[in-house]
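J.: Contents are PDB, C-alpha atoms; file name entry.pdb:
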```pdb
ATOM      1  CA  MET A 281       0.000   0.000   0.000
ATOM      2  CA  TRP A 282       2.716   2.507   0.983
ATOM      3  CA  PRO A 283       5.072   1.959  -2.003
ATOM      4  CA  ARG A 284       2.155   2.490  -4.377
ATOM      5  CA  ALA A 285       0.898   5.618  -2.608
ATOM      6  CA  LEU A 286       4.320   7.344  -2.505
ATOM      7  CA  PRO A 287       4.615   8.028  -6.274
ATOM      8  CA  VAL A 288       1.025   9.281  -6.296
ATOM      9  CA  ALA A 289       1.787  11.725  -3.445
ATOM     10  CA  LEU A 290       4.923  12.951  -5.200
ATOM     11  CA  VAL A 291       3.030  13.521  -8.463
ATOM     12  CA  PHE A 292       0.303  15.377  -6.531
ATOM     13  CA  CYS A 293       2.900  17.679  -4.862
ATOM     14  CA  LEU A 294       4.526  18.442  -8.188
ATOM     15  CA  ALA A 295       1.229  19.057  -9.962
ATOM     16  CA  SER A 296      -0.258  21.237  -7.230
ATOM     17  CA  GLY A 297       2.895  23.278  -6.667
ATOM     18  CA  VAL A 298       3.151  22.299  -2.993
ATOM     19  CA  PRO A 299       6.831  22.698  -1.975
ATOM     20  CA  PHE A 300       8.600  19.892  -0.233
ATOM     21  CA  PRO A 301       9.368  20.521   3.445
ATOM     22  CA  SER A 302      13.114  20.609   2.819
ATOM     23  CA  ARG A 303      12.700  23.162   0.051
ATOM     24  CA  ALA A 304      10.490  25.367   2.233
ATOM     25  CA  ALA A 305      13.026  25.146   5.056
ATOM     26  CA  ASP A 306      15.824  26.131   2.676
ATOM     27  CA  GLU A 307      13.821  29.129   1.503
ATOM     28  CA  ALA A 308      13.186  30.211   5.091
ATOM     29  CA  VAL A 309      16.903  29.976   5.880
ATOM     30  CA  LYS A 310      17.765  32.043   2.789
ATOM     31  CA  VAL A 311      15.241  34.733   3.741
ATOM     32  CA  ALA A 312      16.592  34.875   7.314
ATOM     33  CA  ASP A 313      20.192  35.112   6.074
ATOM     34  CA  SER A 314      19.260  37.888   3.640
ATOM     35  CA  ALA A 315      17.493  39.852   6.388
ATOM     36  CA  LYS A 316      20.532  39.444   8.637
ATOM     37  CA  ALA A 317      22.830  40.691   5.861
ATOM     38  CA  HIS A 318      20.681  43.812   5.341
ATOM     39  CA  TYR A 319      20.705  44.411   9.100
ATOM     40  CA  LYS A 320      24.499  44.228   9.259
ATOM     41  CA  GLN A 321      24.830  46.648   6.342
ATOM     42  CA  GLY A 322      22.351  49.031   7.974
ATOM     43  CA  ARG A 323      24.193  48.897  11.288
ATOM     44  CA  THR A 324      27.479  49.730   9.532
ATOM     45  CA  HIS A 325      25.900  52.698   7.714
ATOM     46  CA  TYR A 326      24.323  53.913  10.963
ATOM     47  CA  GLN A 327      27.612  53.838  12.853
ATOM     48  CA  LEU A 328      29.216  55.828  10.022
ATOM     49  CA  GLY A 329      26.477  58.458  10.170
ATOM     50  CA  GLU A 330      25.025  57.426   6.791
ATOM     51  CA  TYR A 331      21.460  57.416   8.037
ATOM     52  CA  ARG A 332      19.708  57.471   4.648
ATOM     53  CA  GLU A 333      21.575  54.350   3.514
ATOM     54  CA  ALA A 334      20.988  52.706   6.910
ATOM     55  CA  LEU A 335      17.264  53.446   6.606
ATOM     56  CA  LYS A 336      17.033  51.623   3.267
ATOM     57  CA  GLU A 337      18.871  48.565   4.612
ATOM     58  CA  PHE A 338      16.692  48.329   7.739
ATOM     59  CA  GLN A 339      13.557  48.670   5.595
ATOM     60  CA  GLU A 340      14.685  45.812   3.366
ATOM     61  CA  ALA A 341      15.444  43.694   6.429
ATOM     62  CA  TYR A 342      11.922  44.278   7.784
ATOM     63  CA  ARG A 343      10.336  43.403   4.438
ATOM     64  CA  LEU A 344      12.083  40.048   4.576
ATOM     65  CA  LYS A 345      11.533  39.365   8.274
ATOM     66  CA  GLN A 346       8.924  41.214  10.338
ATOM     67  CA  ASP A 347      11.066  41.681  13.449
ATOM     68  CA  ALA A 348      10.004  44.552  15.718
ATOM     69  CA  SER A 349      13.619  45.550  16.374
ATOM     70  CA  PHE A 350      13.917  46.579  12.713
ATOM     71  CA  LEU A 351      11.054  49.063  13.221
ATOM     72  CA  PHE A 352      12.967  50.625  16.119
ATOM     73  CA  ASN A 353      16.067  50.962  13.920
ATOM     74  CA  ILE A 354      13.992  52.546  11.132
ATOM     75  CA  ALA A 355      12.545  55.049  13.617
ATOM     76  CA  GLN A 356      16.048  55.890  14.854
ATOM     77  CA  CYS A 357      17.137  56.652  11.279
ATOM     78  CA  HIS A 358      14.127  58.940  10.702
ATOM     79  CA  ARG A 359      14.946  60.756  13.926
ATOM     80  CA  GLN A 360      18.550  61.283  12.891
ATOM     81  CA  LEU A 361      17.347  62.584   9.500
ATOM     82  CA  HIS A 362      15.025  65.077  11.287
ATOM     83  CA  GLU A 363      11.997  63.407   9.704
ATOM     84  CA  VAL A 364       9.983  63.891  12.841
ATOM     85  CA  ALA A 365       6.547  62.722  11.702
ATOM     86  CA  ASP A 366       7.943  59.492  10.245
ATOM     87  CA  ALA A 367       9.971  58.852  13.398
ATOM     88  CA  ILE A 368       6.855  59.214  15.593
ATOM     89  CA  LYS A 369       4.935  56.863  13.330
ATOM     90  CA  LEU A 370       7.616  54.154  13.332
ATOM     91  CA  TYR A 371       8.213  54.396  17.085
ATOM     92  CA  GLY A 372       4.470  53.811  17.533
ATOM     93  CA  SER A 373       4.577  50.800  15.206
ATOM     94  CA  TYR A 374       7.504  49.400  17.198
ATOM     95  CA  LEU A 375       5.592  49.645  20.488
ATOM     96  CA  ARG A 376       2.545  47.984  18.936
ATOM     97  CA  GLU A 377       4.667  45.105  17.632
ATOM     98  CA  ALA A 378       6.642  44.778  20.885
ATOM     99  CA  PRO A 379       4.331  45.862  23.749
ATOM    100  CA  ASP A 380       6.660  44.301  26.350
ATOM    101  CA  ALA A 381       9.864  45.886  24.995
ATOM    102  CA  ALA A 382      12.537  46.553  27.617
ATOM    103  CA  ASN A 383      13.071  50.104  26.321
ATOM    104  CA  ARG A 384       9.373  50.982  26.175
ATOM    105  CA  ALA A 385       9.647  53.853  28.681
ATOM    106  CA  GLU A 386      12.570  55.352  26.752
ATOM    107  CA  VAL A 387      10.736  55.080  23.414
ATOM    108  CA  GLU A 388       7.636  56.723  24.886
ATOM    109  CA  ARG A 389       9.813  59.575  26.135
ATOM    110  CA  GLN A 390      11.285  59.970  22.649
ATOM    111  CA  ILE A 391       7.784  60.117  21.168
ATOM    112  CA  ARG A 392       6.760  62.854  23.612
ATOM    113  CA  GLU A 393       9.845  64.940  22.815
ATOM    114  CA  LEU A 394       9.368  64.506  19.074
ATOM    115  CA  LYS A 395       5.701  65.504  19.283
ATOM    116  CA  VAL A 396       6.688  68.717  21.073
ATOM    117  CA  ALA A 397       9.304  69.393  18.390
ATOM    118  CA  LEU A 398       6.760  68.658  15.649
ATOM    119  CA  ASP A 399       4.267  71.111  17.177
ATOM    120  CA  GLN A 400       6.962  73.792  17.300
ATOM    121  CA  GLN A 401       7.819  73.171  13.667
ATOM    122  CA  GLN A 402       4.189  73.423  12.595
ATOM    123  CA  GLN A 403       3.707  76.629  14.567
ATOM    124  CA  GLN A 404       6.766  78.152  12.899
ATOM    125  CA  GLU A 405       5.466  77.179   9.470
ATOM    126  CA  GLN A 406       2.027  78.635  10.217
ATOM    127  CA  ALA A 407       3.566  81.890  11.476
ATOM    128  CA  ALA A 408       5.691  82.177   8.346
ATOM    129  CA  ALA A 409       2.667  81.552   6.122
ATOM    130  CA  ALA A 410       0.571  84.149   7.995
ATOM    131  CA  LEU A 411       3.348  86.745   7.718
ATOM    132  CA  ALA A 412       3.705  86.104   4.005
ATOM    133  CA  ALA A 413      -0.078  86.501   3.521
ATOM    134  CA  GLN A 414      -0.022  89.917   5.227
ATOM    135  CA  MET A 415       2.642  91.332   2.926
ATOM    136  CA  PRO A 416       1.149  93.630   0.212
ATOM    137  CA  THR A 417       1.538  92.457  -3.357
ATOM    138  CA  PRO A 418       3.368  95.144  -5.428
ATOM    139  CA  ALA A 419       1.278  96.565  -8.277
ATOM    140  CA  PRO A 420       2.575  95.952 -11.789
ATOM    141  CA  ILE A 421       4.451  98.851 -13.368
ATOM    142  CA  ALA A 422       2.979  99.979 -16.695
ATOM    143  CA  PRO A 423       5.534 100.872 -19.354
ATOM    144  CA  ALA A 424       5.687 104.587 -20.207
ATOM    145  CA  VAL A 425       4.167 105.420 -23.642
ATOM    146  CA  PRO A 426       5.895 108.383 -25.316
ATOM    147  CA  GLU A 427       3.690 111.205 -26.649
ATOM    148  CA  PRO A 428       3.495 111.696 -30.395
ATOM    149  CA  GLY A 429       6.428 113.685 -31.649
ATOM    150  CA  ALA A 430       8.408 113.220 -28.428
ATOM    151  CA  ALA A 431      11.861 111.724 -28.533
ATOM    152  CA  PRO A 432      11.882 108.103 -27.394
ATOM    153  CA  ALA A 433      13.354 107.477 -24.001
ATOM    154  CA  VAL A 434      16.693 105.774 -24.325
ATOM    155  CA  ALA A 435      17.142 104.632 -20.749
ATOM    156  CA  GLN A 436      15.598 105.199 -17.370
ATOM    157  CA  SER A 437      17.886 106.395 -14.661
ATOM    158  CA  ALA A 438      18.444 104.207 -11.666
ATOM    159  CA  ALA A 439      17.162 106.917  -9.394
ATOM    160  CA  SER A 440      13.763 106.910 -11.109
ATOM    161  CA  MET A 441      13.331 103.137 -10.800
ATOM    162  CA  PRO A 442      10.906 102.074  -8.055
ATOM    163  CA  ALA A 443      12.685 100.636  -5.043
ATOM    164  CA  PRO A 444      12.000  96.914  -4.517
ATOM    165  CA  VAL A 445       9.884  96.048  -1.531
ATOM    166  CA  PRO A 446      12.062  94.093   0.919
ATOM    167  CA  THR A 447      10.684  90.660   1.691
ATOM    168  CA  PRO A 448      11.251  89.696   5.308
ATOM    169  CA  ALA A 449      13.050  86.425   5.799
ATOM    170  CA  PRO A 450      10.804  83.732   7.216
ATOM    171  CA  PRO A 451      11.595  82.628  10.718
ATOM    172  CA  SER A 452      14.184  79.917  10.974
ATOM    173  CA  ARG A 453      12.759  76.448  10.635
ATOM    174  CA  ALA A 454      15.777  74.769  12.146
ATOM    175  CA  LEU A 455      14.410  72.145  14.451
ATOM    176  CA  GLU A 456      16.430  71.647  17.585
ATOM    177  CA  MET A 457      16.545  67.875  17.926
ATOM    178  CA  PRO A 458      17.722  66.202  21.102
ATOM    179  CA  ARG A 459      21.492  66.119  21.232
ATOM    180  CA  ASP A 460      23.550  62.988  21.513
ATOM    181  CA  ALA A 461      24.704  61.707  24.895
ATOM    182  CA  GLU A 462      28.176  60.659  26.033
ATOM    183  CA  LEU A 463      28.785  57.230  27.545
ATOM    184  CA  GLU A 464      31.986  56.487  29.453
ATOM    185  CA  VAL A 465      32.780  52.887  30.402
ATOM    186  CA  ASN A 466      35.482  52.161  33.004
ATOM    187  CA  ALA A 467      36.824  48.786  34.147
ATOM    188  CA  ASN A 468      38.972  47.528  36.995
ATOM    189  CA  PRO A 469      41.361  46.117  35.833
ATOM    190  CA  PRO A 470      41.228  48.213  32.655
ATOM    191  CA  GLU A 471      42.163  45.383  30.256
ATOM    192  CA  ALA A 472      38.737  44.068  29.228
ATOM    193  CA  ASN A 473      36.638  43.577  26.130
ATOM    194  CA  ILE A 474      33.914  46.249  26.246
ATOM    195  CA  LEU A 475      30.641  45.539  24.437
ATOM    196  CA  VAL A 476      27.764  47.945  23.858
ATOM    197  CA  ASN A 477      24.600  46.291  22.511
ATOM    198  CA  HIS A 478      26.714  43.142  22.000
ATOM    199  CA  ILE A 479      29.174  45.023  19.731
ATOM    200  CA  SER A 480      32.811  45.282  20.799
ATOM    201  CA  VAL A 481      33.865  48.938  21.107
ATOM    202  CA  GLY A 482      37.270  48.581  22.768
ATOM    203  CA  ALA A 483      39.741  46.247  24.434
ATOM    204  CA  SER A 484      40.853  48.598  27.220
ATOM    205  CA  ALA A 485      39.051  51.053  29.491
ATOM    206  CA  PRO A 486      38.092  53.806  29.686
ATOM    207  CA  VAL A 487      36.048  54.063  26.474
ATOM    208  CA  LYS A 488      34.044  57.175  25.605
ATOM    209  CA  LEU A 489      31.268  57.079  23.009
ATOM    210  CA  ARG A 490      28.842  59.620  21.537
ATOM    211  CA  LEU A 491      25.491  57.869  21.159
ATOM    212  CA  PRO A 492      21.873  58.848  20.521
ATOM    213  CA  PRO A 493      19.685  58.899  23.629
ATOM    214  CA  GLY A 494      18.216  55.515  24.465
ATOM    215  CA  LEU A 495      18.628  52.280  26.383
ATOM    216  CA  TYR A 496      21.880  50.349  25.882
ATOM    217  CA  SER A 497      23.301  47.112  27.236
ATOM    218  CA  VAL A 498      26.936  47.300  28.398
ATOM    219  CA  ALA A 499      29.117  44.288  29.221
ATOM    220  CA  LEU A 500      32.763  43.758  30.239
ATOM    221  CA  GLU A 501      34.461  40.449  29.467
ATOM    222  CA  ARG A 502      37.903  38.946  30.024
ATOM    223  CA  ASP A 503      39.157  35.372  30.008
ATOM    224  CA  GLY A 504      39.714  34.027  33.509
ATOM    225  CA  PHE A 505      37.601  36.775  35.096
ATOM    226  CA  ARG A 506      33.979  37.120  36.080
ATOM    227  CA  GLY A 507      32.807  40.146  34.100
ATOM    228  CA  ALA A 508      30.200  42.831  34.681
ATOM    229  CA  ALA A 509      27.064  43.808  32.781
ATOM    230  CA  GLY A 510      24.072  46.094  33.000
ATOM    231  CA  ALA A 511      21.642  48.376  31.183
ATOM    232  CA  VAL A 512      22.344  52.094  30.803
ATOM    233  CA  THR A 513      19.812  54.770  29.858
ATOM    234  CA  LEU A 514      21.391  57.721  28.059
ATOM    235  CA  ILE A 515      19.723  61.127  28.273
ATOM    236  CA  ALA A 516      20.302  63.785  25.636
ATOM    237  CA  GLY A 517      23.159  66.103  26.540
ATOM    238  CA  ASP A 518      24.310  64.106  29.546
ATOM    239  CA  HIS A 519      27.632  62.471  30.344
ATOM    240  CA  THR A 520      26.962  59.038  31.853
ATOM    241  CA  ALA A 521      29.818  57.016  33.329
ATOM    242  CA  VAL A 522      29.731  53.447  34.634
ATOM    243  CA  MET A 523      32.328  51.250  36.319
ATOM    244  CA  GLY A 524      32.624  47.476  36.134
ATOM    245  CA  LYS A 525      34.781  45.414  38.471
ATOM    246  CA  LEU A 526      36.230  42.224  36.995
ATOM    247  CA  SER A 527      37.059  39.570  39.590
ATOM    248  CA  ARG A 528      39.488  36.740  38.866
ATOM    249  CA  VAL A 529      37.736  33.371  38.839
ATOM    250  CA  LYS A 530      39.022  30.533  41.007
ATOM    251  CA  SER A 531      41.031  27.819  39.260
ATOM    252  CA  HIS A 532      40.910  24.477  41.057
ATOM    253  CA  GLY A 533      43.817  22.666  39.425
ATOM    254  CA  TRP A 534      45.503  22.011  42.749
ATOM    255  CA  ARG A 535      42.251  20.746  44.234
ATOM    256  CA  GLY A 536      41.806  18.324  41.336
ATOM    257  CA  LEU A 537      45.325  17.011  41.887
ATOM    258  CA  GLY A 538      44.540  16.672  45.597
ATOM    259  CA  HIS A 539      41.481  14.549  44.734
ATOM    260  CA  LEU A 540      43.762  12.246  42.721
ATOM    261  CA  PHE A 541      46.198  11.839  45.613
ATOM    262  CA  LEU A 542      43.263  11.221  47.946
ATOM    263  CA  VAL A 543      42.193   8.294  45.762
ATOM    264  CA  LEU A 544      45.781   6.989  45.767
ATOM    265  CA  THR A 545      45.805   7.273  49.571
ATOM    266  CA  ALA A 546      42.693   5.121  49.796
ATOM    267  CA  VAL A 547      44.163   2.571  47.371
ATOM    268  CA  GLY A 548      47.452   2.417  49.330
ATOM    269  CA  GLU A 549      45.666   2.019  52.621
ATOM    270  CA  ALA A 550      43.511  -0.751  51.173
ATOM    271  CA  GLY A 551      46.670  -2.532  49.925
ATOM    272  CA  ALA A 552      48.245  -2.228  53.374
ATOM    273  CA  ILE A 553      45.172  -3.761  55.025
ATOM    274  CA  VAL A 554      45.114  -6.661  52.548
ATOM    275  CA  GLY A 555      48.832  -7.292  53.064
ATOM    276  CA  HIS A 556      48.440  -7.220  56.827
ATOM    277  CA  VAL A 557      45.530  -9.661  56.814
ATOM    278  CA  LYS A 558      47.219 -12.030  54.407
ATOM    279  CA  ALA A 559      50.555 -11.934  56.239
ATOM    280  CA  ASN A 560      49.191 -12.469  59.751
ATOM    281  CA  ARG A 561      46.233 -14.773  59.156
ATOM    282  CA  SER A 562      46.546 -16.674  55.936
ATOM    283  CA  PHE A 563      50.328 -17.026  55.621
ATOM    284  CA  ALA A 564      51.613 -16.793  59.188
ATOM    285  CA  GLY A 565      54.730 -18.949  59.570
ATOM    286  CA  SER A 566      54.957 -19.716  55.829
ATOM    287  CA  ASP A 567      57.351 -18.504  53.127
ATOM    288  CA  ASP A 568      54.701 -16.093  51.741
ATOM    289  CA  PHE A 569      54.536 -14.220  55.049
ATOM    290  CA  ASN A 570      57.505 -12.004  54.186
ATOM    291  CA  LYS A 571      56.047 -11.298  50.745
ATOM    292  CA  PHE A 572      52.723  -9.995  52.069
ATOM    293  CA  SER A 573      54.444  -8.220  54.922
ATOM    294  CA  ALA A 574      56.461  -6.262  52.321
ATOM    295  CA  VAL A 575      53.227  -5.472  50.468
ATOM    296  CA  GLU A 576      51.756  -4.143  53.699
ATOM    297  CA  LYS A 577      54.753  -1.916  54.436
ATOM    298  CA  GLY A 578      55.034  -0.603  50.876
ATOM    299  CA  SER A 579      51.294   0.153  50.606
ATOM    300  CA  GLN A 580      51.355   1.906  53.975
ATOM    301  CA  ALA A 581      54.275   4.087  52.900
ATOM    302  CA  ALA A 582      52.505   4.930  49.620
ATOM    303  CA  ALA A 583      49.302   5.818  51.494
ATOM    304  CA  ILE A 584      51.175   8.127  53.873
ATOM    305  CA  SER A 585      52.958   9.863  50.972
ATOM    306  CA  ALA A 586      49.736  10.280  48.992
ATOM    307  CA  ALA A 587      47.949  11.648  52.078
ATOM    308  CA  THR A 588      50.735  14.180  52.604
ATOM    309  CA  LEU A 589      50.502  15.303  48.955
ATOM    310  CA  THR A 590      46.714  15.515  49.258
ATOM    311  CA  VAL A 591      46.955  17.918  52.178
ATOM    312  CA  ALA A 592      49.640  19.938  50.381
ATOM    313  CA  CYS A 593      47.458  20.280  47.244
ATOM    314  CA  TYR A 594      44.435  21.402  49.256
ATOM    315  CA  VAL A 595      46.531  24.003  51.060
ATOM    316  CA  LEU A 596      47.949  25.302  47.761
ATOM    317  CA  ASP A 597      44.429  25.498  46.314
ATOM    318  CA  TRP A 598      43.318  27.643  49.242
ATOM    319  CA  LEU A 599      46.358  29.936  48.988
ATOM    320  CA  VAL A 600      45.940  30.457  45.244
ATOM    321  CA  ASN A 601      42.167  31.106  45.343
ATOM    322  CA  ARG A 602      41.661  33.018  48.571
ATOM    323  CA  ASP A 603      41.355  36.394  46.735
ATOM    324  CA  LYS A 604      39.276  35.031  43.844
ATOM    325  CA  VAL A 605      35.569  34.357  43.262
ATOM    326  CA  ASP A 606      33.619  31.362  42.065
ATOM    327  CA  ALA A 607      32.515  31.247  38.433
ATOM    328  CA  GLY A 608      29.014  32.627  37.955
ATOM    329  CA  PRO A 609      26.930  35.314  36.271
ATOM    330  CA  PRO A 610      28.557  38.711  35.687
ATOM    331  CA  GLY A 611      28.360  41.348  38.361
ATOM    332  CA  LEU A 612      26.431  44.598  38.027
ATOM    333  CA  LEU A 613      27.860  47.808  36.642
ATOM    334  CA  GLN A 614      28.181  50.607  39.166
ATOM    335  CA  PRO A 615      27.162  54.158  38.159
ATOM    336  CA  MET A 616      29.690  56.926  38.542
ATOM    337  CA  PRO A 617      28.826  60.599  39.214
ATOM    338  CA  ARG A 618      26.887  62.015  36.270
ATOM    339  CA  GLU A 619      28.024  65.263  34.705
ATOM    340  CA  THR A 620      25.675  67.494  32.766
ATOM    341  CA  GLU A 621      27.034  69.380  29.776
TER
END
```
What would the structure in this file look like if it were written as structure tokens?
T.:
Amino acid sequence: MWPRALPVALVFCLASGVPFPSRAADEAVKVADSAKAHYKQGRTHYQLGEYREALKEFQEAYRLKQDASFLFNIAQCHRQLHEVADAIKLYGSYLREAPDAANRAEVERQIRELKVALDQQQQQEQAAAALAAQMPTPAPIAPAVPEPGAAPAVAQSAASMPAPVPTPAPPSRALEMPRDAELEVNANPPEANILVNHISVGASAPVKLRLPPGLYSVALERDGFRGAAGAVTLIAGDHTAVMGKLSRVKSHGWRGLGHLFLVLTAVGEAGAIVGHVKANRSFAGSDDFNKFSAVEKGSQAAAISAATLTVACYVLDWLVNRDKVDAGPPGLLQPMPRETE
């Protein structure tokens, strides 16, 4: 039944245009890879200040994969391009797509600031239009017609020309957008890999960055150390500094060696007990007595040596690790005094 039905199912899939599962999975992987490539290109353009190019890349990424984070990136580009209305619209779309976003409070604050800026811009435009409407329109100047028999006028002196009515310049429409913020990351010890939003920005502290206002994740990493991490909210025009302490993680090589010697101690002691029992009970007065007696003495000496090394390894482990911490999650970043520009 099954071998006959398989060709029929294959013919049906081909005739109806139903893709095979493997083909559909391959297409999904290609779409995800393409969206990721557009995101990387957009991030590069954004970091270089090429916001128009970054906007196009983020838009293409969202068309391929409807991820809410792409909407946030698109809104950031519109904000940097001073396209206030579009930025408000895209921030709103981002919050609708991601109602539980970690940076929701920060995005809502951005929307409020942009709405105030948009109202100011519209008021300036309305004032300029009203001022232009109140300006009188100059009447057309009729050309002078010479009287019959009069000599034609060759040229009109500059003094007799009507003076042009000065047109007042419209009020400036420059929109004061929120300024960037400065982030300073410090580490103790200073040699650490510093990541902002999971992107490495330096291998040694301190690092100072100019970033748009918003919520950022900051992490400090170093091999053999327990790092530090945390979230930082940047406010326009502020200098925000954080400090992360990296603690050296305990290494238990000596303890592991001590465990090995402890096992050898137990084995040696067991050999000494077997030798003692065999020598004094089973082979007492025979030729094998001396043989098992030697086994007892040798095993006892090995057990004592292994026990001594075990204690020494445990002591060394304590000395080496007494100023270190156990491996675990990173510690929290500590804020430093904030300076306002």
J.: Tell me which of A:Leu500, A:Ala521, A:Ala483, A:Val575 sits closest to A:Gly555, counting all atoms listed in the file.
T.: A:Val575
J.: Using only C-alpha atoms, which residue out of A:Ala367, A:Ala485, A:Leu475, A:Ala315 lies closest to A:Lys395?
T.: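 Closest candidate: A:Ala367.
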J.: Tell me, in Å to one decimal, how far atom CA of A:Met523 is from atom CA of A:Asn468.
T.: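 Separation between atom CA of A:Met523 and atom CA of A:Asn468: 7.6 Å.
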J.: My list of candidates is A:Gln327, A:Asn601, A:Ser349, A:Gln360. Which is closest to A:Leu489 when distances are computed with all atoms listed in the file?
T.: A:Gln327
J.: Measure the distance from atom CA of A:Ala509 to atom CA of A:Ala317 in Å and round it to one decimal.
T.: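 Separation between atom CA of A:Ala509 and atom CA of A:Ala317: 27.4 Å.
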J.: Assuming 6 Å of padding per side, give the centre and edge lengths of the axis-aligned box around every listed atom of stretch 547-558 of chain A, in Å to one decimal and as lines of an AutoDock Vina configuration file.
T.:
```
center_x = 46.2
center_y = -4.7
center_z = 52.1
size_x = 17.3
size_y = 26.6
size_z = 21.5
```
J.: Which of these residues is nearest to A:Asn383, using all atoms listed in the file: A:Val512, A:Val543, A:Ile584, A:Val591?
T.: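 Of A:Val512, A:Val543, A:Ile584, A:Val591, the one nearest A:Asn383 is A:Val512, counting all atoms listed in the file.
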J.: Applied to the shown file, which residues does the PyMOL selection byres ((chain A and resi 492) around 8) return, written as a VMD selection string?
T.: chain A and resid 459 to 461 490 to 491 493 to 494 514 516
J.: When distances are computed from only C-alpha atoms, which of A:Ile479, A:Arg359, A:Arg392, A:Pro486 shows the smallest separation from A:Thr324?
T.: A:Ile479
